[in-house]
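Notes follow once the structure below has been shown.
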Amino acid sequence: MTAIDVRGLSKRYGDVLANDDLSFSVAEGEVFGYLGPNGAGKTTTIRTLMGFQSPTSGTATVLGSDVRDERELIEAKRRVGYLPADPAFDETATGREILDLHAAVKGDERREELLDIFDPPLDREVREYSSGNNQMLGLVQAFMHDPDLVVLDEPTGGLDPLKQQEFNEFVRRERAAGTTVFMSSHILSEVRRVCDRVGVIRDGRLVTTESVERLLRRSGKVVHLTVTDDVGAGEFDLDGVHDLAVRQVDGETVEGEANGGSVDGAGKRETAERTAVAPTVTELSFTFTGNVNALVDRIHDYDVLELDVQEAPLEEVFMRFYGDESAEAADVPPERRPGDGGEA
């Protein structure tokens with residue numbers, strides 16, 4: 001059974017088409033990442049799924065309830081947890097009062113468990129909270145009634161790296177327990193740690209859904225390499241190398257006295273001047289999507305001064321792999337578009 005099923009969903013604000021004919025599904029027990037740059041239409045989709053606005057056309061179901069049927073959706077939302085982007089709580093209330101209010105509406109059987117992981121200062125007023133504390137309070141209220149489905153809009157915003165790691169571990173445990181998680185993000189490295197599949201949205205259109213493993217294979221890594229050799233671009237003509245940039249740094253001439261020298265008859269050491277040229281250094285930068293072993297074999301041939309490997313920025317992934325797909329999708333029927341029916 002699907003926890004979320006979206007069919008031909010569109011949302012228009014005047015002349016702006018924020019969501020354009022979206023079709024995808026999220027299986028029960030799945031962690032699904034909704035991935036796209038800021039302004040792509042992620043929050044619009046989430047607000048429609050939560051019933052805060054009606055679709056212009058198409059429809060969706062959440063836990064089997066039609067988002068266009070207010071009464072039906074209200075009943076389903078008793079089993080849904082929700083964290084908006086930048087959650088806004090009553091600033092004059094304490095964190096404890098906020099949680100007590102939510103508990104009165106939906107229950108809080110998991111409150112203490114969650115406070116052991118996410119620990120906002122409950123007895124301080126929200127106006128005194130940092131963005132990280134505000135986000136942790138939001139995470140506690142989203143999960144504390146033990147929902148079947150949790151919808152999270154940019155859930156790690158404001159969290160420090162340690163809390164982000166604890167959040168990732170927590171989501172993995174929730175998945176193992178059967179909870180369905182739908183989370184939006186514009187950070188590729190975030191979804192790769194916790195998601196089973198991702199839907200990629202750009203300019204309001206869903207351009208693909210695929211497994212995280214396949215997305216990572218396509219997105220590749222950004223490699224910065226510095227070697228003490230004169231390397232030409234052709235020497236890194238490997239499958240999977242994209243946007244190769246090569247820069248040679250000329251060696252510098254160094255003049256000084258050579259060690260050693262000769263000794264004259266009076267026992268005085270004579271020194272000989274020397275001229276030395278430092279080896280040429282080459283700096284290379286590229287995105288790599290090929291076989292890592294082939295890259296390692298090639299790098300092994302050089303004297304490496306520095307090697308830095310990072311996740312490819314999401315914007316780069318979009319430009320390389322999805323740049324033309326959203327336009328091409330206009331000519332493809334919804335039932336044949338990438339991601340329809342939850343297929344990876």
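FYI, nothing fancy with the structure tokens labels: chains A, B, ... in order, residues from 1 per chain, ligands from 1 as they appear.
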>> Let's see if you can do this: from backbone DSSP, list all alpha helix (DSSP H) residues in stretch 196-227 of chain A, as a ChimeraX atom specification.
In response: /A:212-219
Please produce a file of those selected residues containing all heavy atoms, as a PDB file, in the first residue's frame.
```
ATOM      1  N   VAL A 212      18.469   6.188  -4.271  1.00  0.00           N
ATOM      2  CA  VAL A 212      19.585   7.037  -3.869  1.00  0.00           C
ATOM      3  C   VAL A 212      20.889   6.510  -4.459  1.00  0.00           C
ATOM      4  O   VAL A 212      21.744   7.282  -4.908  1.00  0.00           O
ATOM      5  CB  VAL A 212      19.675   7.125  -2.335  1.00  0.00           C
ATOM      6  CG1 VAL A 212      20.968   7.770  -1.895  1.00  0.00           C
ATOM      7  CG2 VAL A 212      18.493   7.906  -1.787  1.00  0.00           C
ATOM      8  N   GLU A 213      21.024   5.198  -4.489  1.00  0.00           N
ATOM      9  CA  GLU A 213      22.252   4.605  -5.042  1.00  0.00           C
ATOM     10  C   GLU A 213      22.459   5.028  -6.488  1.00  0.00           C
ATOM     11  O   GLU A 213      23.561   5.408  -6.892  1.00  0.00           O
ATOM     12  CB  GLU A 213      22.174   3.082  -4.945  1.00  0.00           C
ATOM     13  CG  GLU A 213      23.401   2.363  -5.483  1.00  0.00           C
ATOM     14  CD  GLU A 213      23.267   0.851  -5.424  1.00  0.00           C
ATOM     15  OE1 GLU A 213      22.238   0.364  -4.914  1.00  0.00           O
ATOM     16  OE2 GLU A 213      24.178   0.173  -5.906  1.00  0.00           O
ATOM     17  N   ARG A 214      21.400   4.994  -7.273  1.00  0.00           N
ATOM     18  CA  ARG A 214      21.533   5.377  -8.689  1.00  0.00           C
ATOM     19  C   ARG A 214      21.796   6.871  -8.826  1.00  0.00           C
ATOM     20  O   ARG A 214      22.584   7.300  -9.671  1.00  0.00           O
ATOM     21  CB  ARG A 214      20.261   4.988  -9.445  1.00  0.00           C
ATOM     22  CG  ARG A 214      20.347   5.278 -10.946  1.00  0.00           C
ATOM     23  CD  ARG A 214      19.261   4.546 -11.705  1.00  0.00           C
ATOM     24  NE  ARG A 214      19.406   4.792 -13.132  1.00  0.00           N
ATOM     25  CZ  ARG A 214      18.659   5.652 -13.818  1.00  0.00           C
ATOM     26  NH1 ARG A 214      17.718   6.342 -13.176  1.00  0.00           N
ATOM     27  NH2 ARG A 214      18.837   5.824 -15.099  1.00  0.00           N
ATOM     28  N   LEU A 215      21.138   7.668  -8.005  1.00  0.00           N
ATOM     29  CA  LEU A 215      21.371   9.109  -8.055  1.00  0.00           C
ATOM     30  C   LEU A 215      22.823   9.431  -7.750  1.00  0.00           C
ATOM     31  O   LEU A 215      23.440  10.264  -8.419  1.00  0.00           O
ATOM     32  CB  LEU A 215      20.457   9.812  -7.052  1.00  0.00           C
ATOM     33  CG  LEU A 215      20.640  11.331  -6.940  1.00  0.00           C
ATOM     34  CD1 LEU A 215      20.204  12.010  -8.225  1.00  0.00           C
ATOM     35  CD2 LEU A 215      19.876  11.887  -5.757  1.00  0.00           C
ATOM     36  N   LEU A 216      23.389   8.761  -6.747  1.00  0.00           N
ATOM     37  CA  LEU A 216      24.773   9.032  -6.380  1.00  0.00           C
ATOM     38  C   LEU A 216      25.734   8.606  -7.478  1.00  0.00           C
ATOM     39  O   LEU A 216      26.746   9.263  -7.720  1.00  0.00           O
ATOM     40  CB  LEU A 216      25.118   8.334  -5.074  1.00  0.00           C
ATOM     41  CG  LEU A 216      24.405   8.873  -3.830  1.00  0.00           C
ATOM     42  CD1 LEU A 216      24.726   8.021  -2.622  1.00  0.00           C
ATOM     43  CD2 LEU A 216      24.782  10.321  -3.581  1.00  0.00           C
ATOM     44  N   ARG A 217      25.407   7.491  -8.149  1.00  0.00           N
ATOM     45  CA  ARG A 217      26.259   7.079  -9.265  1.00  0.00           C
ATOM     46  C   ARG A 217      26.245   8.130 -10.362  1.00  0.00           C
ATOM     47  O   ARG A 217      27.264   8.415 -10.992  1.00  0.00           O
ATOM     48  CB  ARG A 217      25.789   5.736  -9.829  1.00  0.00           C
ATOM     49  CG  ARG A 217      26.128   4.542  -8.972  1.00  0.00           C
ATOM     50  CD  ARG A 217      26.116   3.253  -9.786  1.00  0.00           C
ATOM     51  NE  ARG A 217      24.857   3.060 -10.493  1.00  0.00           N
ATOM     52  CZ  ARG A 217      23.823   2.373 -10.020  1.00  0.00           C
ATOM     53  NH1 ARG A 217      23.906   1.818  -8.823  1.00  0.00           N
ATOM     54  NH2 ARG A 217      22.720   2.227 -10.730  1.00  0.00           N
ATOM     55  N   ARG A 218      25.094   8.720 -10.584  1.00  0.00           N
ATOM     56  CA  ARG A 218      24.983   9.725 -11.641  1.00  0.00           C
ATOM     57  C   ARG A 218      25.611  11.053 -11.231  1.00  0.00           C
ATOM     58  O   ARG A 218      26.209  11.739 -12.042  1.00  0.00           O
ATOM     59  CB  ARG A 218      23.509   9.953 -12.000  1.00  0.00           C
ATOM     60  CG  ARG A 218      22.826   8.754 -12.586  1.00  0.00           C
ATOM     61  CD  ARG A 218      21.421   9.098 -13.028  1.00  0.00           C
ATOM     62  NE  ARG A 218      21.432   9.960 -14.209  1.00  0.00           N
ATOM     63  CZ  ARG A 218      20.335  10.491 -14.739  1.00  0.00           C
ATOM     64  NH1 ARG A 218      19.157  10.277 -14.189  1.00  0.00           N
ATOM     65  NH2 ARG A 218      20.409  11.251 -15.798  1.00  0.00           N
ATOM     66  N   SER A 219      25.445  11.416  -9.968  1.00  0.00           N
ATOM     67  CA  SER A 219      25.910  12.740  -9.538  1.00  0.00           C
ATOM     68  C   SER A 219      27.417  12.797  -9.393  1.00  0.00           C
ATOM     69  O   SER A 219      28.037  13.818  -9.686  1.00  0.00           O
ATOM     70  CB  SER A 219      25.247  13.129  -8.215  1.00  0.00           C
ATOM     71  OG  SER A 219      25.556  12.190  -7.204  1.00  0.00           O
TER      72      SER A 219
END
```
May I have a table of the residues of stretch 151-243 of chain A lying at most 10 Å from stretch 71-88 of chain A, giving each one's closest pair of atoms and their distance in Å to one decimal, counting only C-alpha atoms, ordered by chain and ascending residue number, as JSON lines?
```
{"residue": "A:Val151", "atom": "CA", "partner": "A:Tyr82", "partner_atom": "CA", "distance": 4.9}
{"residue": "A:Leu152", "atom": "CA", "partner": "A:Leu83", "partner_atom": "CA", "distance": 4.8}
{"residue": "A:Asp153", "atom": "CA", "partner": "A:Ala85", "partner_atom": "CA", "distance": 4.9}
{"residue": "A:Glu154", "atom": "CA", "partner": "A:Ala85", "partner_atom": "CA", "distance": 5.7}
{"residue": "A:Pro155", "atom": "CA", "partner": "A:Leu83", "partner_atom": "CA", "distance": 7.1}
{"residue": "A:Thr156", "atom": "CA", "partner": "A:Ala85", "partner_atom": "CA", "distance": 9.4}
{"residue": "A:Gly157", "atom": "CA", "partner": "A:Asp86", "partner_atom": "CA", "distance": 7.7}
{"residue": "A:Gly158", "atom": "CA", "partner": "A:Asp86", "partner_atom": "CA", "distance": 9.0}
{"residue": "A:Thr180", "atom": "CA", "partner": "A:Val80", "partner_atom": "CA", "distance": 9.5}
{"residue": "A:Val181", "atom": "CA", "partner": "A:Gly81", "partner_atom": "CA", "distance": 9.3}
{"residue": "A:Phe182", "atom": "CA", "partner": "A:Tyr82", "partner_atom": "CA", "distance": 9.7}
{"residue": "A:Met183", "atom": "CA", "partner": "A:Leu83", "partner_atom": "CA", "distance": 9.3}
{"residue": "A:Ser184", "atom": "CA", "partner": "A:Ala85", "partner_atom": "CA", "distance": 9.3}
```
>> Need to verify the contact set: stretch 6-11 of chain A, 6 Å, only C-alpha atoms, exclusion of same-chain residues closer than 4 positions in sequence. Can you return it as a PyMOL selection string?
In response: chain A and resi 18-25+55-60
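From atom CA of A:Val67 back to atom CA of A:Met1, the distance works out to 17.0 Å.
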>> Please determine, counting only C-alpha atoms, which residue among A:His242, A:Tyr13, A:Thr2, A:Leu35 has the shortest atom-to-atom distance to A:Leu206.
In response: A:Leu35
Quick one: contact table of stretch 145-244 of chain A to stretch 107-113 of chain A, 12 Å max, nearest atom pair and distance in Å to one decimal per residue, counting only C-alpha atoms, chain and number order, as JSON lines?
```
{"residue": "A:His145", "atom": "CA", "partner": "A:Asp108", "partner_atom": "CA", "distance": 4.6}
{"residue": "A:Asp146", "atom": "CA", "partner": "A:Arg110", "partner_atom": "CA", "distance": 6.4}
{"residue": "A:Pro147", "atom": "CA", "partner": "A:Gly107", "partner_atom": "CA", "distance": 10.1}
{"residue": "A:Phe170", "atom": "CA", "partner": "A:Glu113", "partner_atom": "CA", "distance": 11.1}
```
> Mind checking DSSP for stretch 47-278 of chain A and telling me the strand (DSSP E or B) residues as JSON, numbers by chain?
Replying inline: {"A": [57, 58, 59, 60, 61, 62, 65, 66, 80, 81, 82, 83, 94, 125, 149, 150, 151, 152, 153, 180, 181, 182, 183, 184, 185, 197, 198, 199, 200, 201, 202, 205, 206, 207, 208, 209, 210, 211, 221, 222, 223, 224, 225, 226, 227, 241, 242, 243, 244, 245, 246, 247, 248, 249, 253, 254, 255, 256, 257, 262, 263, 269, 270, 273, 274, 275, 276, 277]}
>> My list of candidates is A:Asn293, A:Thr92, A:Thr228, A:Thr209. Which is closest to A:Thr280 when distances are computed with only C-alpha atoms?
In response: A:Thr228
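Counting only C-alpha atoms and comparing A:Val16, A:Ala93, A:Leu114, A:Leu99, the residue that lies closest to A:Tyr129 is A:Ala93.
Considering only C-alpha atoms, the residue among A:Gly14, A:Ala27, A:Ile98, A:Ile4 positioned nearest to A:Arg197 is A:Ala27.
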>> List the spatial neighbours of A:Gly132 as a VMD selection string - criterion: any atom at most 10 Å away, only C-alpha atoms, same-chain residues fewer than 4 positions off excluded.
In response: chain A and resid 118 120 136 to 138 156 to 160 163
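Interatomic distance, atom CA of A:Arg172 to atom CA of A:Lys42: 22.3 Å.
The two atoms in question, atom CA of A:Gln310 and atom CA of A:Ala40, are spaced 23.9 Å apart.
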